[in-house]
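The file run_13.tsv comes next; it holds TSV, C-alpha atoms.
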chain	number	residue	atom	x	y	z
A	80	MET	CA	-6.54	27.27	33.92
A	81	ALA	CA	-4.08	28.23	31.26
A	82	ILE	CA	-1.32	25.92	32.47
A	83	PHE	CA	-2.39	22.34	31.99
A	84	SER	CA	0.37	20.21	33.44
A	85	VAL	CA	3.97	19.98	34.57
A	86	TYR	CA	6.24	16.96	34.06
A	87	VAL	CA	9.76	16.49	35.39
A	88	VAL	CA	11.87	13.90	33.56
A	89	ASN	CA	15.19	12.59	34.84
A	90	LYS	CA	18.41	11.89	32.94
A	91	ALA	CA	17.38	8.40	31.91
A	92	GLY	CA	13.99	9.48	30.57
A	93	GLY	CA	11.90	8.36	33.54
A	94	LEU	CA	9.11	10.52	34.92
A	95	ILE	CA	9.93	11.72	38.43
A	96	TYR	CA	7.18	14.25	38.99
A	97	GLN	CA	3.85	15.06	37.44
A	98	LEU	CA	1.16	17.63	38.20
A	99	ASP	CA	-2.14	18.19	36.35
A	100	SER	CA	-3.95	21.43	36.95
A	101	TYR	CA	-6.51	21.92	34.23
A	102	ALA	CA	-10.26	22.18	34.52
A	103	PRO	CA	-12.27	19.06	33.73
A	104	ARG	CA	-12.40	18.21	30.07
A	105	ALA	CA	-15.52	18.38	27.97
A	106	GLU	CA	-17.84	15.51	28.82
A	107	ALA	CA	-21.22	14.64	27.39
A	108	GLU	CA	-23.85	12.53	29.08
A	109	LYS	CA	-26.77	11.20	27.06
A	110	THR	CA	-29.56	8.71	27.46
A	111	PHE	CA	-29.71	6.09	24.77
A	112	SER	CA	-32.26	3.54	23.70
A	113	TYR	CA	-31.49	0.28	21.94
A	114	PRO	CA	-29.82	0.00	19.46
A	115	LEU	CA	-26.90	2.28	20.24
A	116	ASP	CA	-26.13	4.39	17.19
A	117	LEU	CA	-22.46	4.73	18.02
A	118	LEU	CA	-19.85	2.14	17.16
A	119	LEU	CA	-17.73	1.29	20.17
A	120	LYS	CA	-14.44	-0.56	20.19
A	121	LEU	CA	-12.11	-1.87	22.84
A	122	HIS	CA	-8.71	-0.22	22.77
A	123	ASP	CA	-5.98	-0.24	25.43
A	124	GLU	CA	-8.29	-1.45	28.19
A	125	ARG	CA	-10.82	1.30	27.45
A	126	VAL	CA	-14.03	1.44	25.48
A	127	LEU	CA	-13.70	4.14	22.82
A	128	VAL	CA	-16.05	5.60	20.24
A	129	ALA	CA	-14.95	4.39	16.82
A	130	PHE	CA	-17.72	5.91	14.70
A	131	GLY	CA	-20.77	8.09	15.19
A	132	GLN	CA	-19.83	11.65	16.13
A	133	ARG	CA	-22.78	13.71	17.39
A	134	ASP	CA	-23.91	16.08	20.14
A	135	GLY	CA	-20.49	16.64	21.64
A	136	ILE	CA	-19.47	12.99	21.45
A	137	ARG	CA	-16.42	12.74	19.20
A	138	VAL	CA	-14.46	9.83	17.83
A	139	GLY	CA	-11.84	8.86	20.36
A	140	HIS	CA	-13.94	9.69	23.40
A	141	ALA	CA	-14.10	7.00	26.04
A	142	VAL	CA	-17.00	5.66	28.05
A	143	LEU	CA	-16.56	7.31	31.43
A	144	ALA	CA	-19.69	6.30	33.33
A	145	ILE	CA	-22.83	4.22	32.84
A	146	ASN	CA	-26.00	5.28	34.66
A	147	GLY	CA	-23.96	7.58	36.84
A	148	LYS	CA	-21.47	4.97	38.02
A	149	ASP	CA	-17.87	5.35	36.79
A	150	VAL	CA	-16.63	2.48	34.67
A	151	ASN	CA	-13.39	0.74	35.53
A	152	GLY	CA	-11.48	0.37	32.27
A	153	LYS	CA	-13.56	-1.98	30.18
A	154	TYR	CA	-15.68	-3.24	33.08
A	155	THR	CA	-18.60	-1.48	34.71
A	156	ALA	CA	-18.64	-0.74	38.42
A	157	ASP	CA	-20.39	-4.10	38.96
A	158	GLY	CA	-17.71	-6.05	37.12
A	159	LYS	CA	-19.60	-6.73	33.90
A	160	GLU	CA	-18.01	-6.01	30.53
A	161	VAL	CA	-19.13	-2.68	29.11
A	162	LEU	CA	-19.50	-3.86	25.52
A	163	GLU	CA	-21.60	-6.83	26.60
A	164	TYR	CA	-23.73	-4.65	28.82
A	165	LEU	CA	-24.39	-2.16	26.05
A	166	GLY	CA	-25.15	-4.93	23.57
A	167	ASN	CA	-27.95	-6.35	25.71
A	168	PRO	CA	-31.31	-4.68	24.92
A	169	ALA	CA	-32.63	-5.56	28.39
A	170	ASN	CA	-30.40	-2.90	29.95
A	171	TYR	CA	-31.86	-0.01	27.95
A	172	PRO	CA	-32.66	2.87	28.29
A	173	VAL	CA	-29.20	3.60	29.62
A	174	SER	CA	-27.43	6.87	30.34
A	175	VAL	CA	-23.79	6.91	29.28
A	176	ARG	CA	-21.19	9.59	29.84
A	177	PHE	CA	-18.52	10.10	27.19
A	178	GLY	CA	-15.45	12.26	27.35
A	179	ARG	CA	-11.77	12.55	26.54
A	180	PRO	CA	-10.04	9.73	28.41
A	181	ARG	CA	-7.77	10.77	31.25
A	182	LEU	CA	-4.21	9.51	31.13
A	183	THR	CA	-3.33	6.75	33.58
A	184	SER	CA	-0.02	7.03	35.41
A	185	ASN	CA	1.44	4.26	33.26
A	186	GLU	CA	0.56	6.20	30.15
A	187	LYS	CA	2.13	9.32	31.59
A	188	LEU	CA	5.34	7.39	32.25
A	189	MET	CA	5.33	6.16	28.69
A	190	LEU	CA	4.67	9.59	27.26
A	191	ALA	CA	7.48	11.08	29.34
A	192	SER	CA	9.96	8.53	27.98
A	193	MET	CA	8.64	9.09	24.48
A	194	PHE	CA	9.20	12.80	24.82
A	195	HIS	CA	12.70	12.17	26.15
A	196	SER	CA	13.57	10.32	22.92
A	197	LEU	CA	11.83	12.88	20.69
A	198	PHE	CA	13.80	15.60	22.40
A	199	ALA	CA	17.05	13.84	21.54
A	200	ILE	CA	16.07	13.18	17.92
A	201	GLY	CA	15.04	16.82	17.56
A	202	SER	CA	18.59	17.90	18.19
A	203	GLN	CA	19.94	15.39	15.66
A	204	LEU	CA	17.55	16.38	12.90
A	205	SER	CA	18.85	19.91	13.00
A	206	PRO	CA	20.05	21.40	9.71
A	207	GLU	CA	22.50	23.51	11.68
A	208	GLN	CA	25.24	22.53	14.07
A	209	GLY	CA	24.91	22.60	17.80
A	210	SER	CA	21.18	22.52	18.22
A	211	SER	CA	19.53	21.82	21.54
A	212	GLY	CA	16.60	19.43	21.80
A	213	ILE	CA	12.95	20.39	21.32
A	214	GLU	CA	12.31	23.52	23.35
A	215	MET	CA	8.80	24.21	22.25
A	216	LEU	CA	6.18	22.07	20.54
A	217	GLU	CA	3.10	23.77	19.20
A	218	THR	CA	-0.36	22.40	18.41
A	219	ASP	CA	-3.69	24.13	18.09
A	220	THR	CA	-4.88	23.24	21.60
A	221	PHE	CA	-1.70	23.47	23.67
A	222	LYS	CA	1.94	24.47	23.64
A	223	LEU	CA	4.56	22.27	25.25
A	224	HIS	CA	7.66	24.01	26.62
A	225	CYS	CA	10.74	22.10	27.71
A	226	PHE	CA	13.80	23.24	29.58
A	227	GLN	CA	16.78	20.93	29.91
A	228	THR	CA	19.21	21.71	32.70
A	229	LEU	CA	22.95	21.15	32.53
A	230	THR	CA	22.48	17.99	34.61
A	231	GLY	CA	20.05	16.43	32.13
A	232	ILE	CA	16.80	16.99	34.04
A	233	LYS	CA	13.95	18.13	31.80
A	234	PHE	CA	11.12	20.34	33.01
A	235	VAL	CA	8.14	20.11	30.68
A	236	VAL	CA	5.14	22.45	30.92
A	237	LEU	CA	1.94	22.10	28.90
A	238	ALA	CA	0.08	25.38	28.62
A	239	ASP	CA	-2.48	27.30	26.61
A	240	PRO	CA	-0.97	28.51	23.31
A	241	ARG	CA	-1.54	32.14	24.30
A	242	GLN	CA	0.07	31.87	27.71
A	243	ALA	CA	3.22	34.02	28.02
A	244	GLY	CA	6.05	33.91	30.48
A	245	ILE	CA	6.57	30.15	30.40
A	246	ASP	CA	10.34	30.50	29.98
A	247	SER	CA	10.65	32.33	33.27
A	248	LEU	CA	8.24	29.81	34.81
A	249	LEU	CA	10.54	26.96	33.72
A	250	ARG	CA	13.53	28.68	35.35
A	251	LYS	CA	11.44	29.23	38.49
A	252	ILE	CA	10.49	25.54	38.58
A	253	TYR	CA	14.20	24.69	38.32
A	254	GLU	CA	14.86	26.98	41.29
A	255	ILE	CA	12.06	25.37	43.30
A	256	TYR	CA	13.42	21.93	42.38
A	257	SER	CA	16.91	22.79	43.60
A	258	ASP	CA	15.59	24.46	46.76
A	259	PHE	CA	13.03	21.91	47.92
A	260	ALA	CA	14.00	18.63	46.29
A	261	LEU	CA	17.78	18.67	45.97
A	262	LYS	CA	18.42	20.28	49.33
A	263	ASN	CA	16.12	17.77	51.00
A	264	PRO	CA	18.43	15.20	52.69
A	265	PHE	CA	15.82	12.46	52.31
A	266	TYR	CA	15.52	12.85	48.56
A	267	SER	CA	17.68	10.63	46.33
A	268	LEU	CA	18.68	11.88	42.94
A	269	GLU	CA	16.77	10.68	39.85
A	270	MET	CA	14.05	9.20	42.05
A	271	PRO	CA	10.37	10.26	42.08
A	272	ILE	CA	9.96	13.52	43.95
A	273	ARG	CA	7.81	13.16	47.07
A	274	CYS	CA	8.51	16.42	48.85
A	275	GLU	CA	5.55	18.38	50.19
A	276	LEU	CA	7.32	21.73	50.08
A	277	PHE	CA	8.14	21.16	46.43
A	278	ASP	CA	4.44	20.52	45.66
A	279	GLN	CA	3.27	23.58	47.56
A	280	ASN	CA	5.78	25.96	46.07
A	281	LEU	CA	5.24	24.60	42.58
A	282	LYS	CA	1.49	25.19	42.82
A	283	LEU	CA	2.12	28.73	44.07
A	284	ALA	CA	4.49	29.41	41.18
A	285	LEU	CA	1.92	28.11	38.67
A	286	GLU	CA	-0.75	30.40	40.08
A	287	VAL	CA	1.54	33.40	39.89
A	288	ALA	CA	2.48	32.58	36.32
A	289	GLU	CA	-1.13	32.15	35.23
A	290	LYS	CA	-2.14	35.48	36.71
A	291	ALA	CA	0.83	37.29	35.25
A	292	GLY	CA	0.33	35.60	31.87
A	293	THR	CA	-1.55	36.69	28.79
A	294	PHE	CA	-5.07	38.02	28.59
A	295	GLY	CA	-6.49	34.65	27.75
A	296	PRO	CA	-9.72	33.18	29.11
A	297	GLY	CA	-10.08	33.18	32.85
A	298	SER	CA	-7.67	36.00	33.66
B	142	MET	CA	12.22	12.09	10.06
B	143	TYR	CA	9.04	10.26	9.17
B	144	GLY	CA	9.24	8.12	12.30
B	145	MET	CA	9.85	11.19	14.42
B	146	LEU	CA	6.82	13.00	12.98
B	147	PHE	CA	4.62	9.94	13.35
B	148	SER	CA	5.65	9.60	17.00
B	149	ILE	CA	5.09	13.28	17.65
B	150	ARG	CA	1.61	13.07	16.15
B	151	SER	CA	0.57	10.19	18.37
B	152	PHE	CA	2.24	11.81	21.39
B	153	VAL	CA	0.32	15.03	20.81
B	154	SER	CA	-3.02	13.31	20.37
B	155	LYS	CA	-2.60	11.52	23.69
B	156	MET	CA	-1.31	14.52	25.63
B	157	SER	CA	-3.82	17.05	24.43
B	158	PRO	CA	-6.25	18.17	27.13
B	159	LEU	CA	-8.94	19.06	24.57
B	160	ASP	CA	-10.08	17.59	21.27
B	161	MET	CA	-7.75	18.73	18.50
B	162	LYS	CA	-8.73	20.07	15.15
B	163	ASP	CA	-5.44	20.72	13.36
B	164	GLY	CA	-3.10	18.68	15.51
B	165	PHE	CA	0.64	19.14	15.69
B	166	LEU	CA	1.72	22.38	14.02
B	167	ALA	CA	5.41	23.00	14.68
B	168	PHE	CA	8.29	22.44	17.04
B	169	GLN	CA	11.39	24.48	17.68
B	170	THR	CA	14.82	23.96	19.21
B	171	SER	CA	17.50	26.54	19.90
B	172	ARG	CA	18.59	26.59	16.25
B	173	TYR	CA	15.68	25.76	13.96
B	174	LYS	CA	11.94	25.47	13.72
B	175	LEU	CA	10.19	22.63	11.97
B	176	HIS	CA	6.75	23.38	10.53
B	177	TYR	CA	4.35	20.59	9.68
B	178	TYR	CA	1.21	20.34	7.62
B	179	GLU	CA	-0.66	17.13	6.86
B	180	THR	CA	-3.44	16.72	4.35
B	181	PRO	CA	-6.35	14.33	4.85
B	182	THR	CA	-4.81	12.13	2.14
B	183	GLY	CA	-1.65	11.62	4.15
B	184	ILE	CA	0.67	13.94	2.25
B	185	LYS	CA	2.93	15.72	4.73
B	186	VAL	CA	4.57	19.06	4.00
B	187	VAL	CA	7.50	19.81	6.28
B	188	MET	CA	9.57	22.99	6.31
B	189	ASN	CA	12.63	23.75	8.45
B	190	THR	CA	13.17	27.43	9.08
B	191	ASP	CA	14.95	29.87	11.30
B	192	LEU	CA	13.48	30.69	14.70
B	193	GLY	CA	12.17	34.09	13.66
B	194	VAL	CA	9.46	32.65	11.42
B	195	GLY	CA	5.90	32.71	12.74
B	196	PRO	CA	3.01	30.42	11.79
B	197	ILE	CA	3.23	29.46	8.13
B	198	ARG	CA	0.45	26.94	7.87
B	199	ASP	CA	-1.08	28.76	4.93
B	200	VAL	CA	2.28	28.76	3.13
B	201	LEU	CA	2.51	25.00	3.52
B	202	HIS	CA	-1.09	24.67	2.38
B	203	HIS	CA	-0.28	26.74	-0.70
B	204	ILE	CA	2.71	24.52	-1.47
B	205	TYR	CA	0.40	21.54	-1.35
B	206	SER	CA	-2.58	22.91	-3.24
B	207	ALA	CA	-1.03	25.24	-5.78
B	208	LEU	CA	2.22	23.39	-6.43
B	209	TYR	CA	2.02	19.72	-5.53
B	210	VAL	CA	-1.54	19.11	-6.66
B	211	GLU	CA	-1.21	21.21	-9.82
B	212	LEU	CA	2.19	20.02	-10.95
B	213	VAL	CA	2.57	16.52	-9.60
B	214	VAL	CA	-0.81	15.01	-8.96
B	215	LYS	CA	-2.29	16.27	-12.20
B	216	ASN	CA	0.78	15.23	-14.18
B	217	PRO	CA	0.11	11.88	-15.87
B	218	LEU	CA	3.84	11.18	-16.10
B	219	CYS	CA	4.48	11.53	-12.37
B	220	PRO	CA	3.75	8.24	-10.56
B	221	LEU	CA	2.19	9.09	-7.21
B	222	GLY	CA	3.81	7.73	-4.09
B	223	GLN	CA	7.31	7.83	-5.53
B	224	THR	CA	10.00	10.46	-5.35
B	225	VAL	CA	9.04	13.54	-7.32
B	226	GLN	CA	11.31	13.81	-10.35
B	227	SER	CA	9.51	16.69	-12.02
B	228	GLU	CA	11.90	19.54	-12.81
B	229	LEU	CA	9.01	21.94	-13.23
B	230	PHE	CA	7.84	21.22	-9.69
B	231	ARG	CA	11.33	21.71	-8.36
B	232	SER	CA	11.88	25.03	-10.11
B	233	ARG	CA	8.41	26.41	-9.30
B	234	LEU	CA	8.82	25.42	-5.67
B	235	ASP	CA	12.23	27.07	-5.57
B	236	SER	CA	10.99	30.35	-6.99
B	237	TYR	CA	7.96	30.30	-4.66
B	238	ILE	CA	10.15	29.84	-1.61
B	239	ARG	CA	12.45	32.62	-2.74
B	240	SER	CA	9.51	34.94	-3.07
B	241	LEU	CA	8.36	34.41	0.50
B	242	PRO	CA	8.78	37.43	2.78
B	243	PHE	CA	10.82	35.58	5.35
B	244	PHE	CA	13.28	34.15	2.88
B	245	SER	CA	16.48	36.18	2.78
B	246	ALA	CA	19.92	35.01	1.76
B	247	ARG	CA	21.76	35.10	5.06
B	248	ALA	CA	25.50	35.07	4.98
B	249	GLY	CA	26.36	31.83	6.79

Could you write out this structure as C-alpha cells?
Amino acid sequence: MAIFSVYVVNKAGGLIYQLDSYAPRAEAEKTFSYPLDLLLKLHDERVLVAFGQRDGIRVGHAVLAINGKDVNGKYTADGKEVLEYLGNPANYPVSVRFGRPRLTSNEKLMLASMFHSLFAIGSQLSPEQGSSGIEMLETDTFKLHCFQTLTGIKFVVLADPRQAGIDSLLRKIYEIYSDFALKNPFYSLEMPIRCELFDQNLKLALEVAEKAGTFGPGS
Amino acid sequence: MYGMLFSIRSFVSKMSPLDMKDGFLAFQTSRYKLHYYETPTGIKVVMNTDLGVGPIRDVLHHIYSALYVELVVKNPLCPLGQTVQSELFRSRLDSYIRSLPFFSARAG
C-alpha cells in the first residue's frame, strides 16, 4: 500500500479524478465510563478530540462510531447530536471509535484547488529564473509528486516517502489518460473523468508501480 | 512566503494518511528546493537550495539552536519578534553556511 492516492486536476484547478488506495488508517476503539476524560470539540461538521491524547487516540482524531454504529458528521446514526449524547451520563458505559477523519469529496475538491494555487506560487517564489511549479512535496509520512503536462493538466500522486519510480508512474498515468479518457468520444475536456477503462488501467499501473518500487513495507 | 508556508502546512495536515510527527519538510520544483523547519515556539527556518541537496533538517535545527537562540534570543539588545539587526548573527550565520559541505561557489 505504498501509493496512497492519485488526483487529476484540470487547467482551472478543479479536481477531475480522484482515487484512494491505501489501507485503513489507524483507528482505536475504547469503552468509556462517565465522565469522558477527553475534551471534544465540534469542528467542520465533525467531532474532534481537542485534548487528552492516550492509548492511540491523538489530538485531531474524529469520532468515527459510537457503540459500533458509524456517526454521520456530528450526529449519531439515530440523529442525536454526538456531543449531547456523550455529555449525558445515562448513556454510559459507551464504546467509541476514534481515528483520523477521512476526507469528504468536498474537502478533496478544496484541497485540489489549494494545491493548484500552491503550485503556481511555488514557481513564483523561485530564486532562479524559469522554475516550474512544485514537483515534489516532502513530509515525514508521505511524499507528494506532481507532473504538469503542456496542456495544464496536473497529475498528483501521494506515496510513501521511500517509494521509487513515481516519475515514470506519472508519465504512465498521462499515457493512460490520453489513451482512455481523451480518445473516448463521450468524454468532454476538463470535465470529471468517468471512464471505466481509465479506472481499470490506472489501478493496474498503480499495482505494477508498487511492486516494482522500493523495498518498503509490504513488498 | 509566509502565507504560502502556512497554507502548505494546513494542506499537508489534511492530506496526510497517517498522523504526522514532523510535518512538512521540504518541497522542490525544477530549479530549487525549499527546506522548512519549525520550532514549537513558532520560529520558522527556511532555506532555499539547489536540487542536489538532501535532507538538511539537522542543519536548520543547528541554525536555530546554536545561532538564533545563542545570538539573538539571549541578546538583551535584540527585541524578539522584530527583524534581526544583529551583525554578529549575520556574520556567524554567513560563515556557518559557507562551511557547509553542500555550499560551493557556483559560477552563475

Using all atoms listed in the file, can you tell me which of B:Val200, B:Val210, B:Leu221, B:Leu175 comes closest to Met188 in chain B?
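Of B:Val200, B:Val210, B:Leu221, B:Leu175, the one nearest Met188 in chain B, counting all atoms listed in the file, is B:Leu175.
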
Wanna dump the chain B-chain A contacts at 12 Å for me, each residue with its shortest atom pair and the distance in Å to one decimal, counting all atoms listed in the file, ordered by chain and number, as JSON lines?
{"residue": "B:Met142", "atom": "CA", "partner": "A:Leu204", "partner_atom": "CA", "distance": 7.4}
{"residue": "B:Tyr143", "atom": "CA", "partner": "A:Leu204", "partner_atom": "CA", "distance": 11.1}
{"residue": "B:Gly144", "atom": "CA", "partner": "A:Leu197", "partner_atom": "CA", "distance": 10.0}
{"residue": "B:Met145", "atom": "CA", "partner": "A:Leu197", "partner_atom": "CA", "distance": 6.8}
{"residue": "B:Leu146", "atom": "CA", "partner": "A:Leu197", "partner_atom": "CA", "distance": 9.2}
{"residue": "B:Phe147", "atom": "CA", "partner": "A:Leu197", "partner_atom": "CA", "distance": 10.7}
{"residue": "B:Ser148", "atom": "CA", "partner": "A:Leu197", "partner_atom": "CA", "distance": 7.9}
{"residue": "B:Ile149", "atom": "CA", "partner": "A:Leu197", "partner_atom": "CA", "distance": 7.4}
{"residue": "B:Arg150", "atom": "CA", "partner": "A:Thr218", "partner_atom": "CA", "distance": 9.8}
{"residue": "B:Ser151", "atom": "CA", "partner": "A:Leu190", "partner_atom": "CA", "distance": 9.8}
{"residue": "B:Phe152", "atom": "CA", "partner": "A:Leu190", "partner_atom": "CA", "distance": 6.7}
{"residue": "B:Val153", "atom": "CA", "partner": "A:Thr218", "partner_atom": "CA", "distance": 7.8}
{"residue": "B:Ser154", "atom": "CA", "partner": "A:Thr218", "partner_atom": "CA", "distance": 9.7}
{"residue": "B:Lys155", "atom": "CA", "partner": "A:Leu182", "partner_atom": "CA", "distance": 7.9}
{"residue": "B:Met156", "atom": "CA", "partner": "A:Leu190", "partner_atom": "CA", "distance": 7.9}
{"residue": "B:Ser157", "atom": "CA", "partner": "A:Phe221", "partner_atom": "CA", "distance": 6.8}
{"residue": "B:Pro158", "atom": "CA", "partner": "A:Arg104", "partner_atom": "CA", "distance": 6.8}
{"residue": "B:Leu159", "atom": "CA", "partner": "A:Thr220", "partner_atom": "CA", "distance": 6.5}
{"residue": "B:Asp160", "atom": "CA", "partner": "A:Arg179", "partner_atom": "CA", "distance": 7.5}
{"residue": "B:Met161", "atom": "CA", "partner": "A:Thr220", "partner_atom": "CA", "distance": 6.2}
{"residue": "B:Lys162", "atom": "CA", "partner": "A:Asp219", "partner_atom": "CA", "distance": 7.1}
{"residue": "B:Asp163", "atom": "CA", "partner": "A:Asp219", "partner_atom": "CA", "distance": 6.1}
{"residue": "B:Gly164", "atom": "CA", "partner": "A:Thr218", "partner_atom": "CA", "distance": 5.5}
{"residue": "B:Phe165", "atom": "CA", "partner": "A:Thr218", "partner_atom": "CA", "distance": 4.4}
{"residue": "B:Leu166", "atom": "CA", "partner": "A:Thr218", "partner_atom": "CA", "distance": 4.9}
{"residue": "B:Ala167", "atom": "CA", "partner": "A:Glu217", "partner_atom": "CA", "distance": 5.1}
{"residue": "B:Phe168", "atom": "CA", "partner": "A:Leu216", "partner_atom": "CA", "distance": 4.1}
{"residue": "B:Gln169", "atom": "CA", "partner": "A:Met215", "partner_atom": "CA", "distance": 5.3}
{"residue": "B:Thr170", "atom": "CA", "partner": "A:Ile213", "partner_atom": "CA", "distance": 4.5}
{"residue": "B:Ser171", "atom": "CA", "partner": "A:Ser211", "partner_atom": "CA", "distance": 5.4}
{"residue": "B:Arg172", "atom": "CA", "partner": "A:Ser210", "partner_atom": "CA", "distance": 5.2}
{"residue": "B:Tyr173", "atom": "CA", "partner": "A:Ser205", "partner_atom": "CA", "distance": 6.7}
{"residue": "B:Lys174", "atom": "CA", "partner": "A:Ser205", "partner_atom": "CA", "distance": 8.9}
{"residue": "B:Leu175", "atom": "CA", "partner": "A:Ser205", "partner_atom": "CA", "distance": 9.1}
{"residue": "B:His176", "atom": "CA", "partner": "A:Glu217", "partner_atom": "CA", "distance": 9.4}
{"residue": "B:Tyr177", "atom": "CA", "partner": "A:Thr218", "partner_atom": "CA", "distance": 10.1}
{"residue": "B:Tyr178", "atom": "CA", "partner": "A:Thr218", "partner_atom": "CA", "distance": 11.1}
{"residue": "B:Met188", "atom": "CA", "partner": "A:Pro206", "partner_atom": "CA", "distance": 11.1}
{"residue": "B:Asn189", "atom": "CA", "partner": "A:Pro206", "partner_atom": "CA", "distance": 7.9}
{"residue": "B:Thr190", "atom": "CA", "partner": "A:Pro206", "partner_atom": "CA", "distance": 9.2}
{"residue": "B:Asp191", "atom": "CA", "partner": "A:Glu207", "partner_atom": "CA", "distance": 9.9}
{"residue": "B:Leu192", "atom": "CA", "partner": "A:Met215", "partner_atom": "CA", "distance": 11.0}
{"residue": "B:Gly195", "atom": "CA", "partner": "A:Glu217", "partner_atom": "CA", "distance": 11.4}
{"residue": "B:Pro196", "atom": "CA", "partner": "A:Glu217", "partner_atom": "CA", "distance": 10.0}
{"residue": "B:Arg198", "atom": "CA", "partner": "A:Asp219", "partner_atom": "CA", "distance": 11.4}
{"residue": "B:Gly249", "atom": "CA", "partner": "A:Glu207", "partner_atom": "CA", "distance": 10.4}

One-decimal distance in Å that lies between CA of Ser184 in chain A and CA of Val142 in chain A:
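Computed distance, CA of Val142 in chain A to CA of Ser184 in chain A, equals 18.6 Å.
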
Non-local contacts of Asp116 in chain A (10 Å; all atoms listed in the file; under 2 positions in same chain excluded) as a ChimeraX atom specification
/A:111-114,118-119,130-133

Separation of CA of Ile232 in chain A from CA of Ile82 in chain A, in Å and rounded to one decimal:
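CA of Ile232 in chain A sits 20.3 Å away from CA of Ile82 in chain A.
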
Any idea what's packed within 8 Å of Lys90 in chain A, counting all atoms listed in the file, ignoring anything in its chain fewer than 3 positions away? Could you give it as a list in words?
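My reading of the contact set: Gly93, Thr230, Gly231, Ile232, Lys233 and Glu269 of chain A.
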
Which residues, written as a ChimeraX atom specification, have at least one atom at most 10 Å from Leu208 in chain B, with all atoms listed in the file counted and residues fewer than 2 positions away on the same chain left out?
/B:202-206,210-214,229-231,233-234,237
